[in-house]
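start-v3.cif follows (mmCIF, C-alpha atoms):
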data_input
#
loop_
_atom_site.group_PDB
_atom_site.id
_atom_site.type_symbol
_atom_site.label_atom_id
_atom_site.label_comp_id
_atom_site.auth_asym_id
_atom_site.auth_seq_id
_atom_site.Cartn_x
_atom_site.Cartn_y
_atom_site.Cartn_z
ATOM 1 C CA MET X 1 -48.709 128.032 163.360
ATOM 2 C CA ARG X 2 -45.500 128.878 161.593
ATOM 3 C CA ASN X 3 -44.862 132.046 159.618
ATOM 4 C CA PHE X 4 -46.025 132.222 156.020
ATOM 5 C CA GLU X 5 -46.398 134.834 153.289
ATOM 6 C CA PHE X 6 -49.931 135.890 152.375
ATOM 7 C CA LEU X 7 -50.395 136.526 148.644
ATOM 8 C CA GLU X 8 -53.491 138.155 147.116
ATOM 9 C CA PRO X 9 -53.878 137.492 143.379
ATOM 10 C CA ARG X 10 -56.526 139.316 141.338
ATOM 11 C CA THR X 11 -56.996 136.679 138.612
ATOM 12 C CA VAL X 12 -56.977 132.898 138.364
ATOM 13 C CA PRO X 13 -53.904 132.833 136.065
ATOM 14 C CA GLU X 14 -52.059 135.069 138.556
ATOM 15 C CA ALA X 15 -52.987 132.714 141.411
ATOM 16 C CA SER X 16 -51.775 129.748 139.364
ATOM 17 C CA ARG X 17 -48.486 131.534 138.636
ATOM 18 C CA MET X 18 -47.992 132.319 142.344
ATOM 19 C CA LEU X 19 -48.502 128.647 143.207
ATOM 20 C CA ALA X 20 -46.036 127.620 140.485
ATOM 21 C CA ASP X 21 -43.459 130.206 141.577
ATOM 22 C CA HIS X 22 -43.465 129.031 145.199
ATOM 23 C CA GLY X 23 -43.641 125.294 144.594
ATOM 24 C CA GLU X 24 -45.306 122.588 146.606
ATOM 25 C CA THR X 25 -45.077 124.481 149.905
ATOM 26 C CA ALA X 26 -47.537 127.090 148.616
ATOM 27 C CA ARG X 27 -51.240 126.433 149.181
ATOM 28 C CA PRO X 28 -54.391 128.088 147.860
ATOM 29 C CA LEU X 29 -56.686 129.470 150.554
ATOM 30 C CA ALA X 30 -60.385 130.243 150.227
ATOM 31 C CA GLY X 31 -62.658 129.703 153.244
ATOM 32 C CA GLY X 32 -59.801 128.082 155.150
ATOM 33 C CA THR X 33 -61.939 125.769 157.273
ATOM 34 C CA ALA X 34 -59.854 122.679 156.449
ATOM 35 C CA LEU X 35 -56.443 124.216 155.757
ATOM 36 C CA LEU X 36 -56.296 126.338 158.911
ATOM 37 C CA LEU X 37 -57.036 123.268 161.038
ATOM 38 C CA LEU X 38 -54.217 121.375 159.328
ATOM 39 C CA MET X 39 -51.886 124.319 159.922
ATOM 40 C CA ARG X 40 -52.873 124.622 163.564
ATOM 41 C CA GLN X 41 -52.202 120.911 164.061
ATOM 42 C CA ARG X 42 -48.885 121.298 162.180
ATOM 43 C CA ILE X 43 -49.910 118.720 159.603
ATOM 44 C CA ALA X 44 -49.446 121.406 156.938
ATOM 45 C CA SER X 45 -46.854 124.183 157.088
ATOM 46 C CA PRO X 46 -47.143 126.188 153.866
ATOM 47 C CA SER X 47 -44.551 128.841 153.103
ATOM 48 C CA HIS X 48 -47.082 130.876 151.088
ATOM 49 C CA LEU X 49 -50.869 131.140 151.172
ATOM 50 C CA VAL X 50 -52.451 132.254 147.905
ATOM 51 C CA TYR X 51 -55.722 133.869 148.983
ATOM 52 C CA LEU X 52 -58.393 133.338 146.329
ATOM 53 C CA ASP X 53 -61.272 135.274 147.870
ATOM 54 C CA GLY X 54 -60.303 138.478 146.054
ATOM 55 C CA VAL X 55 -60.469 136.815 142.622
ATOM 56 C CA PRO X 56 -63.716 137.917 140.945
ATOM 57 C CA GLY X 57 -66.121 135.517 139.263
ATOM 58 C CA LEU X 58 -65.481 132.411 141.341
ATOM 59 C CA ASN X 59 -68.564 132.617 143.560
ATOM 60 C CA SER X 60 -71.451 132.558 141.102
ATOM 61 C CA ILE X 61 -74.252 130.050 140.653
ATOM 62 C CA GLN X 62 -75.918 129.585 137.275
ATOM 63 C CA VAL X 63 -78.720 127.126 136.586
ATOM 64 C CA ASP X 64 -80.462 126.519 133.270
ATOM 65 C CA ASP X 65 -82.162 123.653 131.456
ATOM 66 C CA ARG X 66 -79.531 123.388 128.711
ATOM 67 C CA ASN X 67 -76.274 123.508 130.721
ATOM 68 C CA GLY X 68 -77.433 122.302 134.116
ATOM 69 C CA ALA X 69 -75.805 123.872 137.168
ATOM 70 C CA ARG X 70 -72.509 125.768 137.283
ATOM 71 C CA ILE X 71 -71.301 126.522 140.801
ATOM 72 C CA GLY X 72 -68.246 128.714 141.300
ATOM 73 C CA ALA X 73 -65.545 127.185 143.473
ATOM 74 C CA LEU X 74 -65.654 130.031 146.020
ATOM 75 C CA THR X 75 -69.392 129.677 146.603
ATOM 76 C CA ARG X 76 -70.142 129.146 150.286
ATOM 77 C CA HIS X 77 -72.219 126.149 151.368
ATOM 78 C CA SER X 78 -74.840 128.495 152.837
ATOM 79 C CA GLU X 79 -75.231 130.190 149.432
ATOM 80 C CA ILE X 80 -75.799 126.807 147.784
ATOM 81 C CA GLU X 81 -78.325 125.847 150.451
ATOM 82 C CA ALA X 82 -80.355 129.043 149.932
ATOM 83 C CA HIS X 83 -80.073 129.532 146.152
ATOM 84 C CA PRO X 84 -83.630 129.589 144.687
ATOM 85 C CA ALA X 85 -82.772 128.016 141.314
ATOM 86 C CA LEU X 86 -80.766 125.211 142.925
ATOM 87 C CA ARG X 87 -83.567 124.576 145.385
ATOM 88 C CA ALA X 88 -86.053 124.363 142.490
ATOM 89 C CA LYS X 89 -84.031 122.341 139.950
ATOM 90 C CA TYR X 90 -81.553 120.475 142.185
ATOM 91 C CA PRO X 91 -83.140 120.173 145.631
ATOM 92 C CA VAL X 92 -80.770 117.298 146.452
ATOM 93 C CA ILE X 93 -77.814 119.729 146.212
ATOM 94 C CA ALA X 94 -79.514 122.299 148.450
ATOM 95 C CA GLU X 95 -80.365 119.571 150.980
ATOM 96 C CA MET X 96 -76.791 118.273 150.938
ATOM 97 C CA ALA X 97 -75.445 121.782 151.539
ATOM 98 C CA ARG X 98 -77.857 122.223 154.464
ATOM 99 C CA ARG X 99 -76.297 119.181 156.162
ATOM 100 C CA VAL X 100 -72.658 120.256 155.898
ATOM 101 C CA ALA X 101 -71.138 120.731 159.366
ATOM 102 C CA ASN X 102 -72.779 123.644 161.205
ATOM 103 C CA PRO X 103 -73.944 127.177 160.315
ATOM 104 C CA GLN X 104 -70.573 128.754 161.141
ATOM 105 C CA ILE X 105 -68.758 126.392 158.773
ATOM 106 C CA ARG X 106 -71.438 126.694 156.045
ATOM 107 C CA ASN X 107 -71.031 130.478 156.099
ATOM 108 C CA MET X 108 -67.224 130.282 155.669
ATOM 109 C CA ALA X 109 -66.385 127.081 153.828
ATOM 110 C CA THR X 110 -66.313 127.031 150.032
ATOM 111 C CA ILE X 111 -67.542 124.219 147.828
ATOM 112 C CA GLY X 112 -64.285 124.186 145.846
ATOM 113 C CA GLY X 113 -62.183 123.989 148.978
ATOM 114 C CA ASN X 114 -64.282 121.079 150.191
ATOM 115 C CA LEU X 115 -63.729 119.148 146.968
ATOM 116 C CA CYS X 116 -60.003 119.973 146.841
ATOM 117 C CA TYR X 117 -59.554 118.655 150.373
ATOM 118 C CA GLY X 118 -60.519 115.242 148.992
ATOM 119 C CA ASP X 119 -62.125 113.918 152.182
ATOM 120 C CA PRO X 120 -63.984 110.743 151.152
ATOM 121 C CA ALA X 121 -66.419 111.118 154.058
ATOM 122 C CA SER X 122 -67.476 114.672 153.193
ATOM 123 C CA ASP X 123 -70.976 115.479 151.937
ATOM 124 C CA PRO X 124 -70.388 117.271 148.587
ATOM 125 C CA PRO X 125 -68.205 114.638 146.860
ATOM 126 C CA ALA X 126 -70.786 111.867 147.288
ATOM 127 C CA CYS X 127 -73.649 114.081 146.137
ATOM 128 C CA PHE X 128 -71.841 115.489 143.095
ATOM 129 C CA LEU X 129 -70.501 112.062 142.091
ATOM 130 C CA ALA X 130 -74.043 110.650 142.129
ATOM 131 C CA LEU X 131 -75.181 113.525 139.884
ATOM 132 C CA GLY X 132 -72.419 112.947 137.303
ATOM 133 C CA GLY X 133 -70.526 116.111 138.206
ATOM 134 C CA GLU X 134 -67.344 117.553 136.746
ATOM 135 C CA VAL X 135 -64.969 120.302 137.780
ATOM 136 C CA LYS X 136 -63.157 122.915 135.735
ATOM 137 C CA ALA X 137 -59.522 123.570 136.638
ATOM 138 C CA VAL X 138 -57.222 126.355 135.409
ATOM 139 C CA ARG X 139 -53.439 126.283 135.176
ATOM 140 C CA GLY X 140 -51.969 129.486 133.771
ATOM 141 C CA SER X 141 -53.837 130.102 130.505
ATOM 142 C CA GLN X 142 -54.943 126.463 130.145
ATOM 143 C CA GLU X 143 -58.130 124.959 131.480
ATOM 144 C CA ARG X 144 -59.459 121.438 131.645
ATOM 145 C CA VAL X 145 -62.639 119.705 132.705
ATOM 146 C CA ILE X 146 -62.254 116.669 134.973
ATOM 147 C CA ARG X 147 -64.996 114.159 135.735
ATOM 148 C CA LEU X 148 -65.302 113.713 139.490
ATOM 149 C CA GLU X 149 -64.649 109.975 139.138
ATOM 150 C CA GLU X 150 -61.172 110.950 137.907
ATOM 151 C CA PHE X 151 -60.742 114.026 140.124
ATOM 152 C CA PHE X 152 -60.620 112.070 143.404
ATOM 153 C CA THR X 153 -57.510 109.910 143.165
ATOM 154 C CA ASP X 154 -57.121 108.679 146.768
ATOM 155 C CA TYR X 155 -57.973 109.631 150.337
ATOM 156 C CA TYR X 156 -57.357 113.378 150.625
ATOM 157 C CA GLU X 157 -55.792 113.462 147.139
ATOM 158 C CA THR X 158 -57.068 114.886 143.868
ATOM 159 C CA ALA X 159 -55.937 115.070 140.251
ATOM 160 C CA LEU X 160 -55.109 118.781 140.549
ATOM 161 C CA ALA X 161 -51.550 119.815 139.766
ATOM 162 C CA PRO X 162 -49.898 121.902 142.527
ATOM 163 C CA ASP X 163 -50.365 125.107 140.469
ATOM 164 C CA GLU X 164 -53.885 124.298 139.230
ATOM 165 C CA ILE X 165 -56.945 126.142 140.559
ATOM 166 C CA LEU X 166 -60.397 124.558 140.707
ATOM 167 C CA THR X 167 -62.771 127.248 139.392
ATOM 168 C CA GLU X 168 -66.156 125.630 138.855
ATOM 169 C CA ILE X 169 -68.323 122.610 139.585
ATOM 170 C CA ARG X 170 -70.584 121.475 136.750
ATOM 171 C CA ILE X 171 -73.672 119.334 137.218
ATOM 172 C CA PRO X 172 -75.460 118.124 134.073
ATOM 173 C CA PRO X 173 -79.192 118.654 133.577
ATOM 174 C CA LEU X 174 -81.263 116.008 135.314
ATOM 175 C CA PRO X 175 -83.467 113.750 133.192
ATOM 176 C CA LYS X 176 -87.167 114.650 133.278
ATOM 177 C CA GLY X 177 -88.934 113.137 136.250
ATOM 178 C CA SER X 178 -85.719 112.670 138.239
ATOM 179 C CA VAL X 179 -85.940 112.666 141.999
ATOM 180 C CA GLY X 180 -83.003 112.843 144.362
ATOM 181 C CA VAL X 181 -82.760 112.591 148.127
ATOM 182 C CA TYR X 182 -79.676 113.233 150.201
ATOM 183 C CA THR X 183 -79.461 111.476 153.535
ATOM 184 C CA ARG X 184 -76.841 110.003 155.825
ATOM 185 C CA PHE X 185 -76.540 106.788 157.711
ATOM 186 C CA THR X 186 -75.004 107.326 161.135
ATOM 187 C CA THR X 187 -74.875 104.994 164.099
ATOM 188 C CA THR X 188 -74.834 107.681 166.800
ATOM 189 C CA LEU X 189 -75.938 111.294 167.059
ATOM 190 C CA ALA X 190 -72.329 112.315 167.565
ATOM 191 C CA GLU X 191 -71.402 110.902 164.154
ATOM 192 C CA HIS X 192 -71.832 113.629 161.590
ATOM 193 C CA ARG X 193 -69.827 112.213 158.689
ATOM 194 C CA PRO X 194 -71.600 110.447 155.821
ATOM 195 C CA LEU X 195 -70.803 106.753 155.542
ATOM 196 C CA VAL X 196 -72.817 105.832 152.452
#
Before anything else, please render the file you have as C-alpha cells.
Amino acid sequence: MRNFEFLEPRTVPEASRMLADHGETARPLAGGTALLLLMRQRIASPSHLVYLDGVPGLNSIQVDDRNGARIGALTRHSEIEAHPALRAKYPVIAEMARRVANPQIRNMATIGGNLCYGDPASDPPACFLALGGEVKAVRGSQERVIRLEEFFTDYYETALAPDEILTEIRIPPLPKGSVGVYTRFTTTLAEHRPLV
C-alpha cells in the first residue's frame, strides 16, 4: 500500500466536505473490506481516507409498519442478520445478510459500503432491489433519496457524487401476506457469488 492521510470526521457534512476538499483521490472508509483489498492490490491508491466509523447515527436499524425499514449505512451485516425486528418483519433481509461472505466479513463489512462498491454479484443489491429499496445520500447540507434502480449505474459504479455520503437504506413496508425467500444459484460449492 502507498501512504495516505487518515481523516476522522465527526459529522456527515464534515465527511462530505473532506471528500470535496481532497478531490477524487479521497475515499470514504467504513468497514474497509472491499477498499482495503483494492488498495493492497494497487487498484486504488487514495491520497486520503475519510473514516466514517466515528460519525454517530449511521449504524441504527428502525422498523415500523408505517415507514418500513431504515438501515443505517454503517450497520454491519451481522447486526442485520441478528436484528429481531428485521427477522420478524423482513426475514428475507436477515437471511440475505446471513449468506454474505463469512463471519469475519459479516462482523466488519457495512451495508452502505457494500452498496457503494457497486458489485453486481453481491448479495445486498439484488435483495434490496427486489424489495423496492432506496438510499439516502448527503452532500454538505443537502440530502437526496435515490431509488436503487437509479443508484447502480454500471458495474462497480453508482450515482453518488465523489463528495456524497450514503447514510441510510430504506425498504418500504411489505404488502400484507408477502413472503420472500433469498437463495442463490451456484454451480459449484466454491462459487459463493449470487448469479440470479
Enumerate, as a PyMOL selection string, the residues matched when the PyMOL selection byres ((chain X and resi 9) around 8) is run on the file above. chain X and resi 7-8+10-12+14-15+18+50-52+54-55
Would you kindly translate the PyMOL selection byres ((chain X and resi 153-158) around 10) into the concrete residues it picks from this file, as a tab-separated table (two decimals) with C-alpha atoms, in the frame of the given file?
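For reference, selection01.tsv as written:
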chain	number	residue	atom	x	y	z
X	115	LEU	CA	-63.73	119.15	146.97
X	116	CYS	CA	-60.00	119.97	146.84
X	117	TYR	CA	-59.55	118.66	150.37
X	118	GLY	CA	-60.52	115.24	148.99
X	119	ASP	CA	-62.12	113.92	152.18
X	120	PRO	CA	-63.98	110.74	151.15
X	121	ALA	CA	-66.42	111.12	154.06
X	148	LEU	CA	-65.30	113.71	139.49
X	149	GLU	CA	-64.65	109.98	139.14
X	150	GLU	CA	-61.17	110.95	137.91
X	151	PHE	CA	-60.74	114.03	140.12
X	152	PHE	CA	-60.62	112.07	143.40
X	159	ALA	CA	-55.94	115.07	140.25
X	160	LEU	CA	-55.11	118.78	140.55
X	161	ALA	CA	-51.55	119.82	139.77
Stretch 31-40 of chain X environment, 8 Å, all atoms listed in the file, sequence neighbours closer than 6 positions dropped, as a ChimeraX atom specification: /X:1,46,53,74,105,108-110,113-114,117
Between atom CA of X:Gly132 and atom CA of X:Lys89, what is the spacing in Å? 15.2 Å
Could you list, as a short mmCIF file (atom, residue, chain, number, x, y, z; two decimals) with C-alpha atoms, in the coordinates of the input, every residue within 10 Å of X:Phe4, counting only C-alpha atoms and ignoring same-chain residues fewer than 4 positions away?
data_model
loop_
_atom_site.label_atom_id
_atom_site.label_comp_id
_atom_site.auth_asym_id
_atom_site.auth_seq_id
_atom_site.Cartn_x
_atom_site.Cartn_y
_atom_site.Cartn_z
CA THR X 25 -45.08 124.48 149.90
CA ALA X 26 -47.54 127.09 148.62
CA SER X 45 -46.85 124.18 157.09
CA PRO X 46 -47.14 126.19 153.87
CA SER X 47 -44.55 128.84 153.10
CA HIS X 48 -47.08 130.88 151.09
CA LEU X 49 -50.87 131.14 151.17
#
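Straight-line separation from atom CA of X:Phe6 to atom CA of X:Val145: 28.5 Å.
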Between X:Arg66, X:Arg147, X:Arg27, X:His77, which residue has the minimum interatomic distance to X:Arg99, considering all atoms listed in the file?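 Among the listed residues, X:His77 lies closest to X:Arg99.
The space separating atom CA of X:Glu24 from atom CA of X:Arg139 comes to 14.5 Å.
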Name the residues that the PyMOL selection byres ((chain X and resi 179-181) around 8) pulls out of this structure, and write them as a VMD selection string. chain X and resid 91 to 92 95 177 to 178 182 to 183
Put those residues in a file: C-alpha atoms, as a PDB file, in the coordinates of the input.
ATOM      1  CA  PRO X  91     -83.140 120.173 145.631  1.00  0.00           C
ATOM      2  CA  VAL X  92     -80.770 117.298 146.452  1.00  0.00           C
ATOM      3  CA  GLU X  95     -80.365 119.571 150.980  1.00  0.00           C
ATOM      4  CA  GLY X 177     -88.934 113.137 136.250  1.00  0.00           C
ATOM      5  CA  SER X 178     -85.719 112.670 138.239  1.00  0.00           C
ATOM      6  CA  TYR X 182     -79.676 113.233 150.201  1.00  0.00           C
ATOM      7  CA  THR X 183     -79.461 111.476 153.535  1.00  0.00           C
TER       8      THR X 183
END
Grab stretch 162-175 of chain X from that structure and dump all heavy atoms to a file, as an mmCIF file, in the first residue's frame.
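Produced file result18.cif, reproduced below:
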data_model
loop_
_atom_site.group_PDB
_atom_site.id
_atom_site.type_symbol
_atom_site.label_atom_id
_atom_site.label_comp_id
_atom_site.auth_asym_id
_atom_site.auth_seq_id
_atom_site.Cartn_x
_atom_site.Cartn_y
_atom_site.Cartn_z
ATOM 1 N N PRO X 162 -18.633 12.271 -5.934
ATOM 2 C CA PRO X 162 -17.423 11.948 -5.169
ATOM 3 C C PRO X 162 -17.446 12.453 -3.715
ATOM 4 O O PRO X 162 -16.790 11.864 -2.863
ATOM 5 C CB PRO X 162 -16.306 12.632 -5.960
ATOM 6 C CG PRO X 162 -16.820 12.726 -7.351
ATOM 7 C CD PRO X 162 -18.306 12.923 -7.214
ATOM 8 N N ASP X 163 -18.207 13.519 -3.438
ATOM 9 C CA ASP X 163 -18.261 14.054 -2.073
ATOM 10 C C ASP X 163 -19.595 13.759 -1.391
ATOM 11 O O ASP X 163 -19.950 14.382 -0.405
ATOM 12 C CB ASP X 163 -17.992 15.555 -2.068
ATOM 13 C CG ASP X 163 -18.982 16.338 -2.908
ATOM 14 O OD1 ASP X 163 -19.683 15.737 -3.740
ATOM 15 O OD2 ASP X 163 -19.058 17.571 -2.732
ATOM 16 N N GLU X 164 -20.321 12.764 -1.898
ATOM 17 C CA GLU X 164 -21.622 12.398 -1.339
ATOM 18 C C GLU X 164 -21.469 11.164 -0.463
ATOM 19 O O GLU X 164 -20.731 10.237 -0.804
ATOM 20 C CB GLU X 164 -22.591 12.118 -2.490
ATOM 21 C CG GLU X 164 -24.018 12.351 -2.183
ATOM 22 C CD GLU X 164 -24.877 12.381 -3.436
ATOM 23 O OE1 GLU X 164 -24.479 11.852 -4.492
ATOM 24 O OE2 GLU X 164 -25.969 12.946 -3.353
ATOM 25 N N ILE X 165 -22.163 11.146 0.668
ATOM 26 C CA ILE X 165 -22.085 10.044 1.625
ATOM 27 C C ILE X 165 -23.431 9.327 1.675
ATOM 28 O O ILE X 165 -24.460 9.952 1.925
ATOM 29 C CB ILE X 165 -21.754 10.562 3.048
ATOM 30 C CG1 ILE X 165 -20.524 11.451 3.061
ATOM 31 C CG2 ILE X 165 -21.653 9.411 4.042
ATOM 32 C CD1 ILE X 165 -19.222 10.751 2.929
ATOM 33 N N LEU X 166 -23.430 8.022 1.453
ATOM 34 C CA LEU X 166 -24.636 7.227 1.633
ATOM 35 C C LEU X 166 -24.862 7.091 3.138
ATOM 36 O O LEU X 166 -23.948 6.676 3.859
ATOM 37 C CB LEU X 166 -24.474 5.862 0.985
ATOM 38 C CG LEU X 166 -25.727 5.006 0.938
ATOM 39 C CD1 LEU X 166 -25.758 4.182 -0.331
ATOM 40 C CD2 LEU X 166 -25.845 4.117 2.131
ATOM 41 N N THR X 167 -26.059 7.447 3.625
ATOM 42 C CA THR X 167 -26.307 7.423 5.065
ATOM 43 C C THR X 167 -27.331 6.388 5.499
ATOM 44 O O THR X 167 -27.322 5.978 6.662
ATOM 45 C CB THR X 167 -26.772 8.799 5.572
ATOM 46 O OG1 THR X 167 -27.979 9.166 4.898
ATOM 47 C CG2 THR X 167 -25.697 9.852 5.356
ATOM 48 N N GLU X 168 -28.209 5.977 4.578
ATOM 49 C CA GLU X 168 -29.315 5.118 5.011
ATOM 50 C C GLU X 168 -29.872 4.328 3.838
ATOM 51 O O GLU X 168 -29.915 4.812 2.713
ATOM 52 C CB GLU X 168 -30.408 6.012 5.595
ATOM 53 C CG GLU X 168 -31.629 5.312 6.113
ATOM 54 C CD GLU X 168 -32.636 6.298 6.671
ATOM 55 O OE1 GLU X 168 -33.320 6.990 5.880
ATOM 56 O OE2 GLU X 168 -32.733 6.381 7.911
ATOM 57 N N ILE X 169 -30.322 3.112 4.135
ATOM 58 C CA ILE X 169 -31.048 2.290 3.180
ATOM 59 C C ILE X 169 -32.488 2.240 3.657
ATOM 60 O O ILE X 169 -32.744 2.023 4.849
ATOM 61 C CB ILE X 169 -30.466 0.855 3.091
ATOM 62 C CG1 ILE X 169 -29.025 0.902 2.544
ATOM 63 C CG2 ILE X 169 -31.326 -0.019 2.204
ATOM 64 C CD1 ILE X 169 -27.982 1.000 3.582
ATOM 65 N N ARG X 170 -33.424 2.463 2.745
ATOM 66 C CA ARG X 170 -34.843 2.466 3.083
ATOM 67 C C ARG X 170 -35.554 1.360 2.310
ATOM 68 O O ARG X 170 -35.430 1.268 1.096
ATOM 69 C CB ARG X 170 -35.475 3.806 2.719
ATOM 70 C CG ARG X 170 -34.881 4.962 3.473
ATOM 71 C CD ARG X 170 -35.477 6.271 3.017
ATOM 72 N NE ARG X 170 -34.974 7.370 3.841
ATOM 73 C CZ ARG X 170 -35.372 8.616 3.712
ATOM 74 N NH1 ARG X 170 -36.270 8.946 2.798
ATOM 75 N NH2 ARG X 170 -34.860 9.551 4.492
ATOM 76 N N ILE X 171 -36.305 0.559 3.043
ATOM 77 C CA ILE X 171 -37.095 -0.509 2.436
ATOM 78 C C ILE X 171 -38.554 -0.227 2.784
ATOM 79 O O ILE X 171 -38.890 -0.081 3.958
ATOM 80 C CB ILE X 171 -36.679 -1.896 2.973
ATOM 81 C CG1 ILE X 171 -35.171 -2.121 2.794
ATOM 82 C CG2 ILE X 171 -37.491 -2.995 2.306
ATOM 83 C CD1 ILE X 171 -34.675 -2.118 1.373
ATOM 84 N N PRO X 172 -39.432 -0.145 1.774
ATOM 85 C CA PRO X 172 -40.832 0.167 2.071
ATOM 86 C C PRO X 172 -41.516 -0.978 2.814
ATOM 87 O O PRO X 172 -41.045 -2.117 2.785
ATOM 88 C CB PRO X 172 -41.443 0.376 0.680
ATOM 89 C CG PRO X 172 -40.574 -0.393 -0.247
ATOM 90 C CD PRO X 172 -39.191 -0.352 0.347
ATOM 91 N N PRO X 173 -42.646 -0.664 3.468
ATOM 92 C CA PRO X 173 -43.407 -1.742 4.114
ATOM 93 C C PRO X 173 -43.830 -2.777 3.086
ATOM 94 O O PRO X 173 -44.135 -2.447 1.935
ATOM 95 C CB PRO X 173 -44.634 -1.019 4.686
ATOM 96 C CG PRO X 173 -44.262 0.421 4.743
ATOM 97 C CD PRO X 173 -43.272 0.643 3.640
ATOM 98 N N LEU X 174 -43.822 -4.026 3.487
ATOM 99 C CA LEU X 174 -44.252 -5.098 2.588
ATOM 100 C C LEU X 174 -45.777 -5.201 2.600
ATOM 101 O O LEU X 174 -46.405 -5.008 3.639
ATOM 102 C CB LEU X 174 -43.642 -6.429 3.027
ATOM 103 C CG LEU X 174 -42.112 -6.510 2.991
ATOM 104 C CD1 LEU X 174 -41.656 -7.849 3.550
ATOM 105 C CD2 LEU X 174 -41.600 -6.312 1.583
ATOM 106 N N PRO X 175 -46.374 -5.515 1.466
ATOM 107 C CA PRO X 175 -47.826 -5.725 1.450
ATOM 108 C C PRO X 175 -48.200 -6.890 2.370
ATOM 109 O O PRO X 175 -47.417 -7.828 2.547
ATOM 110 C CB PRO X 175 -48.127 -6.068 -0.011
ATOM 111 C CG PRO X 175 -46.948 -5.568 -0.783
ATOM 112 C CD PRO X 175 -45.780 -5.639 0.145
#
